[in-house]
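Q: Pasting protein.cif below, which is mmCIF, C-alpha atoms and all ligand atoms.
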```cif
data_entry
loop_
_atom_site.label_atom_id
_atom_site.label_comp_id
_atom_site.auth_asym_id
_atom_site.auth_seq_id
_atom_site.Cartn_x
_atom_site.Cartn_y
_atom_site.Cartn_z
CA MET X 1 28.84 -16.45 5.34
CA ASN X 2 29.28 -16.24 1.56
CA LEU X 3 26.93 -14.32 -0.74
CA GLN X 4 24.94 -17.41 -1.66
CA GLU X 5 24.41 -18.37 2.00
CA PHE X 6 23.44 -14.78 2.89
CA THR X 7 20.88 -14.55 0.07
CA GLN X 8 19.51 -17.98 0.96
CA SER X 9 19.11 -17.09 4.63
CA LYS X 10 17.36 -13.83 3.82
CA TYR X 11 15.06 -14.95 1.01
CA ASN X 12 14.90 -18.72 1.55
CA PHE X 13 15.28 -19.33 -2.19
CA GLU X 14 16.93 -22.77 -1.96
CA GLU X 15 13.64 -24.02 -0.48
CA CYS X 16 11.97 -23.61 -3.89
CA MET X 17 10.68 -27.04 -4.92
CA LYS X 18 9.70 -25.88 -8.41
CA CYS X 19 6.02 -26.52 -7.85
CA THR X 20 5.10 -23.46 -10.01
CA VAL X 21 2.21 -22.51 -7.72
CA CYS X 22 3.55 -18.94 -7.70
CA THR X 23 3.33 -18.74 -11.48
CA ALA X 24 -0.37 -19.59 -11.32
CA TYR X 25 -0.93 -16.79 -8.79
CA CYS X 26 1.12 -14.06 -10.50
CA PRO X 27 -1.31 -11.56 -12.02
CA VAL X 28 1.29 -10.04 -14.36
CA LEU X 29 2.32 -13.36 -15.90
CA GLN X 30 -1.29 -13.94 -17.03
CA VAL X 31 -1.41 -10.73 -19.10
CA ASN X 32 2.16 -9.76 -20.05
CA PRO X 33 4.17 -12.23 -22.15
CA LEU X 34 7.32 -10.16 -21.63
CA TYR X 35 7.42 -10.99 -17.92
CA PRO X 36 9.29 -14.21 -17.00
CA GLY X 37 7.12 -14.86 -13.92
CA PRO X 38 7.94 -15.28 -10.23
CA LYS X 39 9.68 -18.66 -10.35
CA GLN X 40 12.00 -17.72 -13.18
CA ALA X 41 12.52 -14.11 -12.03
CA GLY X 42 12.85 -15.18 -8.38
CA PRO X 43 14.58 -18.39 -7.21
CA ASP X 44 15.63 -19.70 -10.64
CA GLY X 45 16.99 -16.33 -11.73
CA GLU X 46 18.74 -15.76 -8.40
CA ARG X 47 20.88 -18.87 -8.83
CA LEU X 48 22.04 -17.54 -12.19
CA ARG X 49 22.52 -13.95 -10.95
CA LEU X 50 24.68 -15.19 -8.09
CA LYS X 51 26.92 -16.89 -10.64
CA ASP X 52 27.06 -13.89 -12.97
CA PRO X 53 25.15 -10.57 -12.81
CA PHE X 54 25.02 -10.76 -16.64
CA PHE X 55 21.95 -12.95 -16.16
CA PHE X 56 19.95 -10.06 -14.66
CA ASN X 57 16.84 -9.62 -16.81
CA TYR X 58 15.49 -6.07 -17.23
CA ALA X 59 11.98 -7.52 -17.68
CA LEU X 60 11.94 -7.83 -13.86
CA LYS X 61 10.67 -4.23 -13.92
CA TYR X 62 7.24 -5.66 -14.85
CA CYS X 63 6.90 -7.23 -11.38
CA MET X 64 4.30 -5.18 -9.45
CA ASN X 65 5.64 -6.22 -6.05
CA CYS X 66 2.11 -7.33 -5.15
CA LYS X 67 3.53 -10.26 -3.08
CA ARG X 68 0.83 -12.66 -4.23
CA CYS X 69 3.56 -15.17 -5.14
CA GLU X 70 4.81 -15.07 -1.54
CA VAL X 71 1.32 -15.66 -0.15
CA ALA X 72 0.94 -18.64 -2.50
CA CYS X 73 4.39 -20.23 -2.06
CA PRO X 74 4.15 -23.38 0.11
CA SER X 75 7.89 -23.25 0.87
CA GLY X 76 8.01 -19.72 2.25
CA VAL X 77 10.31 -18.41 -0.49
CA LYS X 78 10.37 -14.60 -0.44
CA VAL X 79 9.87 -14.47 -4.17
CA ALA X 80 8.84 -10.83 -4.56
CA ASP X 81 11.62 -9.67 -2.22
CA LEU X 82 14.15 -11.63 -4.30
CA ILE X 83 12.93 -9.88 -7.45
CA GLN X 84 12.89 -6.39 -5.93
CA ALA X 85 16.28 -6.94 -4.30
CA ALA X 86 17.70 -8.04 -7.68
CA ARG X 87 16.35 -4.86 -9.28
CA ILE X 88 17.94 -2.75 -6.53
CA LYS X 89 21.25 -4.56 -6.91
CA HIS X 90 21.56 -4.89 -10.67
CA ASP X 91 19.44 -2.24 -12.39
CA HIS X 92 21.58 0.90 -12.40
CA SER X 93 19.62 2.72 -15.12
CA LYS X 94 18.69 6.29 -14.20
CA PRO X 95 15.01 6.68 -13.26
CA LYS X 96 12.98 8.65 -15.80
CA LEU X 97 11.61 12.11 -14.93
CA ARG X 98 8.13 10.53 -14.85
CA ASP X 99 9.18 7.89 -12.34
CA ARG X 100 10.91 10.46 -10.15
CA MET X 101 7.77 12.62 -10.18
CA LEU X 102 5.45 9.70 -9.40
CA ALA X 103 7.71 8.55 -6.57
CA SER X 104 8.23 11.99 -4.98
CA THR X 105 4.91 11.99 -3.16
CA ASP X 106 5.95 14.39 -0.38
CA THR X 107 7.38 16.94 -2.81
CA MET X 108 4.46 16.76 -5.23
CA GLY X 109 1.98 16.96 -2.33
CA SER X 110 3.69 19.99 -0.77
CA LEU X 111 3.78 21.80 -4.11
CA ALA X 112 0.20 20.97 -5.06
CA ARG X 113 -1.50 21.67 -1.71
CA PRO X 114 -1.40 25.51 -1.72
CA LEU X 115 -2.83 25.51 -5.27
CA ALA X 116 -5.12 22.50 -4.83
CA PRO X 117 -8.24 23.86 -6.66
CA VAL X 118 -6.16 24.91 -9.68
CA VAL X 119 -4.07 21.71 -9.70
CA ASN X 120 -7.20 19.52 -9.38
CA ALA X 121 -8.97 21.32 -12.21
CA THR X 122 -5.87 21.19 -14.43
CA ILE X 123 -4.97 17.51 -13.95
CA GLY X 124 -8.57 16.55 -14.68
CA LEU X 125 -8.56 18.20 -18.14
CA GLY X 126 -8.36 16.01 -21.23
CA VAL X 127 -5.72 18.27 -22.73
CA THR X 128 -3.48 17.92 -19.63
CA LYS X 129 -3.87 14.14 -19.69
CA SER X 130 -2.97 14.00 -23.39
CA LEU X 131 0.06 16.19 -22.75
CA LEU X 132 1.24 13.99 -19.86
CA ASP X 133 0.69 10.92 -22.02
CA ALA X 134 2.69 12.31 -24.94
CA THR X 135 5.54 13.80 -22.93
CA LEU X 136 5.93 11.72 -19.74
CA LYS X 137 4.15 8.50 -20.78
CA ILE X 138 1.62 8.71 -17.97
CA ASP X 139 -1.39 7.02 -19.51
CA LYS X 140 -4.13 9.47 -20.50
CA HIS X 141 -6.91 7.17 -19.28
CA ARG X 142 -5.69 7.36 -15.70
CA THR X 143 -7.55 9.54 -13.19
CA PHE X 144 -5.34 11.36 -10.67
CA PRO X 145 -6.33 11.59 -7.01
CA LYS X 146 -7.41 15.08 -6.00
CA TYR X 147 -5.27 17.17 -3.65
CA SER X 148 -6.65 18.72 -0.48
CA GLY X 149 -6.06 22.41 0.23
CA ARG X 150 -5.42 21.60 3.90
CA SER X 151 -3.09 19.00 5.33
CA PHE X 152 -4.04 16.38 7.89
CA GLU X 153 -0.96 17.29 9.93
CA GLY X 154 -2.19 20.91 10.25
CA TRP X 155 -5.62 19.68 11.35
CA LEU X 156 -4.28 17.30 14.00
CA LYS X 157 -1.87 19.94 15.33
CA ARG X 158 -4.87 22.23 15.87
CA HIS X 159 -6.54 19.42 17.86
CA ALA X 160 -3.43 18.23 19.71
CA LYS X 161 -4.52 19.56 23.11
CA ALA X 162 -7.90 17.82 22.97
CA GLN X 163 -6.24 14.59 21.84
CA ALA X 164 -3.70 14.70 24.66
CA ALA X 165 -6.56 14.68 27.19
CA PHE X 166 -7.54 11.07 26.35
CA PRO X 167 -6.40 8.48 28.90
CA GLU X 168 -4.79 6.25 26.27
CA GLN X 169 -2.58 7.43 23.43
CA VAL X 170 -1.36 6.12 20.07
CA ALA X 171 0.73 7.69 17.32
CA TYR X 172 -0.49 7.72 13.73
CA PHE X 173 1.62 7.22 10.61
CA HIS X 174 -0.84 8.94 8.27
CA GLY X 175 1.13 8.59 5.02
CA CYS X 176 1.12 10.93 2.02
CA TYR X 177 -2.39 10.11 0.84
CA VAL X 178 -4.05 11.17 4.10
CA ASN X 179 -1.85 14.23 4.48
CA TYR X 180 -2.06 15.64 0.96
CA ASN X 181 -5.09 14.05 -0.69
CA TYR X 182 -7.66 12.83 1.78
CA PRO X 183 -7.35 14.17 5.36
CA GLN X 184 -10.89 12.93 6.03
CA LEU X 185 -9.59 9.36 6.48
CA GLY X 186 -7.28 10.57 9.26
CA LYS X 187 -10.14 12.49 10.86
CA ASP X 188 -12.31 9.35 10.67
CA LEU X 189 -9.60 7.36 12.47
CA VAL X 190 -9.43 10.03 15.19
CA LYS X 191 -13.23 9.86 15.57
CA VAL X 192 -13.25 6.06 15.98
CA LEU X 193 -10.28 5.99 18.36
CA ASN X 194 -11.70 8.83 20.45
CA ALA X 195 -14.92 6.82 20.78
CA LEU X 196 -12.74 4.11 22.34
CA GLY X 197 -11.09 6.59 24.71
CA VAL X 198 -7.85 6.75 22.73
CA GLY X 199 -6.15 10.03 21.71
CA VAL X 200 -4.05 10.36 18.55
CA GLN X 201 -0.63 11.97 18.22
CA LEU X 202 1.43 12.82 15.17
CA LEU X 203 4.89 11.34 14.81
CA GLU X 204 7.62 13.94 15.18
CA LYS X 205 7.95 14.39 11.39
CA GLU X 206 7.19 11.43 9.20
CA LYS X 207 8.22 11.15 5.57
CA CYS X 208 6.63 9.03 2.84
CA CYS X 209 7.04 5.31 3.66
CA SER X 210 9.15 5.15 0.45
CA ILE X 211 7.48 2.26 -1.35
CA ALA X 212 7.13 4.34 -4.53
CA LEU X 213 10.85 5.19 -4.40
CA ILE X 214 11.76 1.51 -3.96
CA THR X 215 9.64 0.29 -6.87
CA ASN X 216 10.75 3.15 -9.13
CA GLY X 217 14.45 2.42 -8.75
CA MET X 218 15.41 5.08 -6.18
CA SER X 219 16.60 2.87 -3.36
CA GLY X 220 19.23 5.40 -2.19
CA LYS X 221 16.63 8.08 -1.46
CA ALA X 222 14.28 5.40 -0.09
CA THR X 223 16.96 4.28 2.39
CA LYS X 224 17.48 7.87 3.60
CA GLN X 225 13.74 8.40 4.12
CA ALA X 226 13.28 5.00 5.73
CA THR X 227 16.18 5.65 8.13
CA HIS X 228 14.55 8.94 9.10
CA ASN X 229 11.20 7.22 9.60
CA VAL X 230 12.69 4.46 11.76
CA GLY X 231 14.21 7.23 13.92
CA VAL X 232 10.87 8.96 14.49
CA LEU X 233 9.07 5.64 14.96
CA ARG X 234 11.61 4.71 17.67
CA LYS X 235 10.96 8.01 19.47
CA ALA X 236 7.23 7.23 19.59
CA ILE X 237 7.49 3.50 20.31
CA ILE X 238 10.53 3.22 22.55
CA ASP X 239 10.82 6.67 24.15
CA LYS X 240 7.08 7.30 24.60
CA GLY X 241 5.83 3.69 24.76
CA LEU X 242 3.17 4.25 22.07
CA LYS X 243 1.82 1.94 19.39
CA VAL X 244 1.99 3.38 15.88
CA LEU X 245 -1.11 2.90 13.76
CA THR X 246 -1.57 3.20 10.01
CA THR X 247 -4.61 3.23 7.76
CA SER X 248 -2.84 1.99 4.62
CA SER X 249 -1.97 -1.67 4.05
CA THR X 250 0.99 -0.73 1.84
CA CYS X 251 2.47 1.77 4.33
CA SER X 252 2.14 -0.96 7.01
CA LEU X 253 3.92 -3.58 4.92
CA THR X 254 6.67 -1.15 3.93
CA LEU X 255 7.40 0.09 7.47
CA ARG X 256 7.40 -3.43 8.89
CA ASP X 257 8.82 -5.65 6.15
CA GLU X 258 10.30 -3.74 3.20
CA TYR X 259 12.68 -1.71 5.38
CA PRO X 260 14.57 -4.79 6.61
CA GLY X 261 13.82 -7.01 3.58
CA LEU X 262 14.76 -4.62 0.78
CA LEU X 263 16.63 -1.70 2.32
CA GLY X 264 18.60 -3.59 4.96
CA ILE X 265 17.33 -1.39 7.81
CA ASP X 266 16.98 -3.21 11.11
CA ASN X 267 13.59 -2.38 12.65
CA SER X 268 13.29 -5.52 14.80
CA ASP X 269 12.96 -3.46 18.01
CA ILE X 270 9.87 -1.57 16.76
CA ARG X 271 8.30 -3.75 14.08
CA GLY X 272 5.75 -5.38 16.39
CA ALA X 273 4.41 -2.00 17.58
CA ILE X 274 3.50 -0.89 14.03
CA GLN X 275 -0.03 -2.04 13.24
CA ILE X 276 -2.85 -1.26 10.90
CA ALA X 277 -5.62 0.53 12.82
CA VAL X 278 -8.30 -2.09 12.10
CA ARG X 279 -6.23 -4.69 13.96
CA TYR X 280 -5.77 -2.39 16.95
CA ILE X 281 -9.50 -1.57 17.04
CA TYR X 282 -10.49 -5.22 16.66
CA GLU X 283 -8.23 -6.21 19.56
CA LYS X 284 -9.67 -3.39 21.72
CA LEU X 285 -13.20 -4.61 21.05
CA GLU X 286 -12.16 -8.20 21.78
CA GLY X 287 -10.74 -6.91 25.07
CA GLY X 288 -14.16 -5.58 26.09
CA ALA X 289 -14.27 -2.03 24.65
CA LYS X 290 -17.52 -1.02 22.99
CA LEU X 291 -18.48 1.09 19.97
CA GLU X 292 -22.03 2.34 19.65
CA PHE X 293 -23.52 2.32 16.17
CA LYS X 294 -26.47 4.16 14.65
CA PRO X 295 -29.57 1.94 14.93
CA ASP X 296 -30.73 2.90 11.42
CA TYR X 297 -27.43 2.37 9.56
CA HIS X 298 -27.87 0.25 6.42
CA LYS X 299 -25.23 -0.45 3.81
CA LYS X 300 -24.39 -3.16 1.33
CA ILE X 301 -20.62 -3.47 1.47
CA ALA X 302 -18.28 -5.51 -0.73
CA TYR X 303 -14.81 -5.83 0.83
CA HIS X 304 -11.73 -6.10 -1.39
CA VAL X 305 -8.64 -7.34 0.49
CA PRO X 306 -5.63 -5.48 -0.99
CA CYS X 307 -2.68 -7.70 -1.98
CA HIS X 308 -0.43 -6.23 0.73
CA MET X 309 -3.17 -6.75 3.33
CA GLU X 310 -3.25 -10.42 2.26
CA ARG X 311 0.53 -10.60 2.64
CA LEU X 312 0.23 -9.18 6.16
CA GLY X 313 -2.59 -11.63 6.93
CA TRP X 314 -4.70 -8.80 8.33
CA GLY X 315 -7.73 -8.72 6.00
CA VAL X 316 -9.60 -10.68 8.65
CA PHE X 317 -9.60 -7.65 11.01
CA SER X 318 -11.32 -5.38 8.49
CA GLU X 319 -13.75 -8.16 7.63
CA LYS X 320 -14.68 -8.82 11.27
CA LEU X 321 -15.10 -5.12 12.06
CA LEU X 322 -17.30 -4.48 9.02
CA ARG X 323 -19.41 -7.55 9.79
CA SER X 324 -19.86 -6.30 13.37
CA ILE X 325 -21.70 -3.14 12.26
CA PRO X 326 -25.46 -3.73 12.61
CA GLY X 327 -27.24 -3.08 9.31
CA VAL X 328 -24.28 -4.03 7.12
CA GLU X 329 -24.88 -6.55 4.36
CA PHE X 330 -21.35 -7.89 3.83
CA THR X 331 -19.73 -9.62 0.84
CA LEU X 332 -16.11 -10.73 0.85
CA LEU X 333 -14.86 -10.32 -2.73
CA ASP X 334 -12.71 -13.06 -4.28
CA SER X 335 -8.97 -12.72 -3.85
CA ASN X 336 -7.86 -10.73 -6.91
CA CYS X 337 -5.34 -8.00 -7.58
CA CYS X 338 -6.89 -4.70 -8.72
CA GLY X 339 -3.95 -4.15 -11.06
CA ILE X 340 -2.73 -0.68 -10.11
CA ALA X 341 0.13 -1.51 -7.69
CA GLY X 342 0.84 2.08 -6.64
CA THR X 343 2.47 4.00 -9.48
CA TYR X 344 2.71 0.90 -11.76
CA GLY X 345 -0.67 1.33 -13.43
CA PHE X 346 -0.08 5.03 -14.12
CA LYS X 347 2.67 4.19 -16.61
CA LYS X 348 1.65 3.99 -20.24
CA GLU X 349 3.53 0.73 -20.81
CA ASN X 350 1.62 -0.93 -17.93
CA TYR X 351 -1.84 0.60 -18.30
CA GLU X 352 -3.39 -2.11 -20.47
CA ALA X 353 -2.00 -4.96 -18.33
CA SER X 354 -3.12 -3.11 -15.20
CA GLN X 355 -6.74 -2.93 -16.43
CA LYS X 356 -6.73 -6.56 -17.62
CA ILE X 357 -5.45 -7.74 -14.23
CA GLY X 358 -8.25 -5.87 -12.46
CA GLU X 359 -11.04 -7.08 -14.77
CA PRO X 360 -12.19 -10.11 -12.67
CA LEU X 361 -12.43 -7.88 -9.60
CA PHE X 362 -14.28 -5.12 -11.47
CA ASN X 363 -16.73 -7.68 -12.89
CA GLN X 364 -17.44 -9.18 -9.49
CA ILE X 365 -18.05 -5.73 -8.01
CA ARG X 366 -20.57 -5.02 -10.80
CA GLU X 367 -22.29 -8.37 -10.08
CA VAL X 368 -22.51 -7.74 -6.33
CA ASN X 369 -23.62 -4.13 -6.96
CA PRO X 370 -22.79 -2.84 -3.45
CA ASP X 371 -23.55 0.60 -2.03
CA VAL X 372 -19.85 0.91 -1.37
CA VAL X 373 -16.64 -1.10 -1.82
CA ALA X 374 -14.44 -1.32 1.28
CA CYS X 375 -10.68 -1.48 0.92
CA ASP X 376 -7.61 -0.62 3.05
CA CYS X 377 -5.41 0.68 0.23
CA GLU X 378 -5.60 4.10 -1.37
CA THR X 379 -4.30 3.08 -4.78
CA CYS X 380 -6.78 0.15 -5.00
CA LYS X 381 -9.42 2.81 -4.25
CA TRP X 382 -8.30 4.95 -7.20
CA GLN X 383 -8.24 1.95 -9.51
CA ILE X 384 -11.64 0.55 -8.48
CA GLU X 385 -13.37 3.94 -8.51
CA MET X 386 -11.94 4.80 -11.92
CA SER X 387 -12.66 1.39 -13.45
CA THR X 388 -16.10 0.64 -12.01
CA GLY X 389 -17.64 3.94 -10.93
CA TYR X 390 -18.37 2.44 -7.47
CA LYS X 391 -17.43 4.45 -4.41
CA VAL X 392 -14.59 2.97 -2.31
CA MET X 393 -14.15 3.67 1.40
CA ASN X 394 -11.52 2.60 3.90
CA PRO X 395 -13.10 0.34 6.61
CA ILE X 396 -12.12 3.01 9.16
CA SER X 397 -14.28 5.59 7.34
CA ILE X 398 -17.18 3.13 7.26
CA LEU X 399 -16.83 2.56 11.02
CA ALA X 400 -16.74 6.34 11.59
CA GLU X 401 -19.82 6.86 9.43
CA ALA X 402 -21.75 4.13 11.26
CA LEU X 403 -20.90 5.39 14.77
CA ALA X 404 -23.79 6.74 16.82
S1 LIG D 501 5.60 -21.41 -5.24
FE1 LIG D 501 7.53 -21.33 -4.07
S2 LIG D 501 8.30 -23.41 -4.16
FE2 LIG D 501 6.77 -23.27 -5.78
S3 LIG D 501 7.94 -22.65 -7.62
FE3 LIG D 501 7.23 -20.76 -6.66
S4 LIG D 501 8.93 -20.14 -5.34
FE4 LIG D 501 9.25 -22.31 -5.85
S1 LIG D 502 5.17 -9.82 -6.69
FE1 LIG D 502 3.27 -10.03 -7.89
S2 LIG D 502 3.84 -9.41 -9.97
FE2 LIG D 502 5.75 -9.82 -8.86
S3 LIG D 502 6.21 -11.95 -9.30
FE3 LIG D 502 5.08 -11.93 -7.38
S4 LIG D 502 2.94 -12.25 -7.99
FE4 LIG D 502 4.07 -11.64 -9.85
#
```
Mind turning this structure into structure tokens?
Ligand code: SF4
Ligand code: SF4
A:
Amino acid sequence: MNLQEFTQSKYNFEECMKCTVCTAYCPVLQVNPLYPGPKQAGPDGERLRLKDPFFFNYALKYCMNCKRCEVACPSGVKVADLIQAARIKHDHSKPKLRDRMLASTDTMGSLARPLAPVVNATIGLGVTKSLLDATLKIDKHRTFPKYSGRSFEGWLKRHAKAQAAFPEQVAYFHGCYVNYNYPQLGKDLVKVLNALGVGVQLLEKEKCCSIALITNGMSGKATKQATHNVGVLRKAIIDKGLKVLTTSSTCSLTLRDEYPGLLGIDNSDIRGAIQIAVRYIYEKLEGGAKLEFKPDYHKKIAYHVPCHMERLGWGVFSEKLLRSIPGVEFTLLDSNCCGIAGTYGFKKENYEASQKIGEPLFNQIREVNPDVVACDCETCKWQIEMSTGYKVMNPISILAEALA
């Protein structure tokens, strides 16, 4: 198989019929004139790049990897994968210190955790934000997520014996956000699963899913971490026969699809056993399991489906679960990108575009005026909370809160 045939078989780019639907769906193209757009950066550009790498365009860095073009494409072209794979292959520029810091979530989390109160107070100061803006080009308007003084891993290890007593078991890929920033989401998942008679185990030693490394040009380190993760996932799934659940749509997409699609790591033997928790819970309830809810629970909830959740096709599970809680007044928000795309919106050069992209979503949230916005992605949460002032909760936390 020659290079052209290999690229075609992997990304399906010869199926592009030039309909330009993807260009209408690309949120970046609407706000950034420097970005060539999915059709030109993806299938059109790939034909040129295969002829001569000289045609690689550095403006491909403006792609947020939101995958909305792939959801929209009627021909099944893996447009976003083509663009990210081209960046991995052709962009050999050294990542900036800022990008390395933003992408090193495990390292930053481990360093910040023991000093969490000091770190949280410092990164919230105007003077710190101005300094980061001037030196590292992290936009000063951005609000950083707070660090937790205690890790989720430590908490679950202390409860391991109680968890092991449940008749059914799953493993949990908690991700960096739950471990270093918001252990409560992990605890909420444990509460809901325990109510269904399911105990939760840690993986042997997970590392960050690596999406931030991939999108910040560190595919070598990403491949090492991903290879490690596939090893520990195999131990849980194949050796122990467990399903592995996540609470983040982006971690789910990365573990299942970015590892083989962008890093060339074969995960076909375990991919099907990696699921977002809302899907697992929905299927349990469909199978006859029951959750008991508080009779007096009342909440007006607006659900934002994150772009990666749309790509996975799993937003329906969160929607159905939230609708099933008595006392919930539910609104499904229009399909819009929030604009942050992980570390993308933290960068000074992307901040303005990031906020413009999110504007239709922010406006709709203000119109609906919910008690809380529901969303399965931590970075969407940061963006929506910062930009609208509305509280954002993962559907799992809403389920846990509503439980009797
Ligand atoms: S939507 Fe698909 S088929 Fe249409 S131009 Fe984009 S990549 Fe090509
Ligand atoms: S992944 Fe998102 S930003 Fe990138 S081309 Fe596709 S729609 Fe545009």
Q: Smallest atom-to-atom distance to X:Ile281: which of X:Met218, X:Ile211, X:Leu312, X:Val192, using only C-alpha atoms?
A: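 For X:Ile281, the nearest of the candidates is X:Val192.
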Q: Which value, in Å to one decimal, gives the distance between atom CA of X:Asn350 and atom CA of X:Asp52?
A: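 So the two atoms, atom CA of X:Asn350 and atom CA of X:Asp52, lie 29.0 Å apart.
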Q: Could you list, as a PyMOL selection string, all residues that come within 9 Å of ligand LIG 501 (chain D)? Count all atoms listed in the file.
A: chain X and resi 13-25+38-40+42-44+69-79
Q: Out of X:Phe317, X:Tyr303, X:Tyr344, X:Phe330, which residue has the shortest atom-to-atom distance to ligand LIG 502 (chain D) when counting only C-alpha atoms and all ligand atoms?
A: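 Checking each candidate against ligand LIG 502 (chain D), we get X:Tyr344 as the closest.
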Q: For each of X:Asn369, X:Ser93, X:Asn267, X:Ser318, take the minimum atom-to-atom distance to X:Tyr390, counting only C-alpha atoms, then give the residue where this is smallest.
A: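 So, comparing all the options, the nearest one is X:Asn369.
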Q: Under the rule that all atoms listed in the file are counted, which of X:Thr331, X:Asn65, X:Ser110, X:Ser397 is the nearest residue to ligand LIG 502 (chain D)?
A: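 Closest candidate: X:Asn65.
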Q: Considering all atoms listed in the file, can you say which of X:Phe173, X:Tyr58, X:Tyr280, X:Phe346 comes closest to X:Ala103?
A: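 So, comparing all the options, the nearest one is X:Phe346.
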Q: Mind pulling up the distance from atom CA of X:Thr247 to atom CA of X:Pro295?
A: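 Interatomic distance, atom CA of X:Pro295 to atom CA of X:Thr247: 26.0 Å.
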Q: Missing atoms in stretch 275-289 of chain X: can you complete it with N, CA, C and O atoms, as a short mmCIF file (atom, residue, chain, number, x, y, z; two decimals), keeping the file's coordinate frame?
A:
```cif
data_model
loop_
_atom_site.label_atom_id
_atom_site.label_comp_id
_atom_site.auth_asym_id
_atom_site.auth_seq_id
_atom_site.Cartn_x
_atom_site.Cartn_y
_atom_site.Cartn_z
N GLN X 275 1.16 -1.23 13.57
CA GLN X 275 -0.03 -2.04 13.24
C GLN X 275 -0.99 -1.25 12.39
O GLN X 275 -1.08 -0.02 12.52
N ILE X 276 -1.76 -1.96 11.59
CA ILE X 276 -2.85 -1.26 10.90
C ILE X 276 -3.96 -1.03 11.92
O ILE X 276 -4.18 -1.85 12.82
N ALA X 277 -4.66 0.12 11.78
CA ALA X 277 -5.62 0.53 12.82
C ALA X 277 -6.74 -0.48 13.01
O ALA X 277 -7.20 -0.68 14.14
N VAL X 278 -7.18 -1.14 11.93
CA VAL X 278 -8.30 -2.09 12.10
C VAL X 278 -7.92 -3.22 13.05
O VAL X 278 -8.77 -3.73 13.79
N ARG X 279 -6.66 -3.62 13.04
CA ARG X 279 -6.23 -4.69 13.96
C ARG X 279 -6.28 -4.19 15.41
O ARG X 279 -6.78 -4.88 16.30
N TYR X 280 -5.77 -2.97 15.61
CA TYR X 280 -5.77 -2.39 16.95
C TYR X 280 -7.21 -2.27 17.48
O TYR X 280 -7.50 -2.64 18.63
N ILE X 281 -8.10 -1.77 16.62
CA ILE X 281 -9.50 -1.57 17.04
C ILE X 281 -10.16 -2.92 17.32
O ILE X 281 -10.86 -3.08 18.33
N TYR X 282 -9.91 -3.88 16.46
CA TYR X 282 -10.49 -5.22 16.66
C TYR X 282 -10.04 -5.79 18.02
O TYR X 282 -10.85 -6.30 18.79
N GLU X 283 -8.75 -5.65 18.30
CA GLU X 283 -8.23 -6.21 19.56
C GLU X 283 -8.82 -5.48 20.77
O GLU X 283 -9.08 -6.07 21.81
N LYS X 284 -9.04 -4.16 20.62
CA LYS X 284 -9.67 -3.39 21.72
C LYS X 284 -11.07 -3.92 21.98
O LYS X 284 -11.48 -4.10 23.13
N LEU X 285 -11.82 -4.14 20.89
CA LEU X 285 -13.20 -4.61 21.05
C LEU X 285 -13.22 -6.02 21.64
O LEU X 285 -14.05 -6.34 22.48
N GLU X 286 -12.28 -6.84 21.22
CA GLU X 286 -12.16 -8.20 21.78
C GLU X 286 -11.84 -8.13 23.26
O GLU X 286 -12.22 -8.99 24.04
N GLY X 287 -11.12 -7.07 23.66
CA GLY X 287 -10.74 -6.91 25.07
C GLY X 287 -11.85 -6.31 25.92
O GLY X 287 -11.63 -6.00 27.09
N GLY X 288 -13.01 -6.04 25.31
CA GLY X 288 -14.16 -5.58 26.09
C GLY X 288 -14.60 -4.16 25.80
O GLY X 288 -15.64 -3.71 26.30
N ALA X 289 -13.84 -3.40 24.99
CA ALA X 289 -14.27 -2.03 24.65
C ALA X 289 -15.51 -2.10 23.77
O ALA X 289 -15.75 -3.12 23.12
#
```
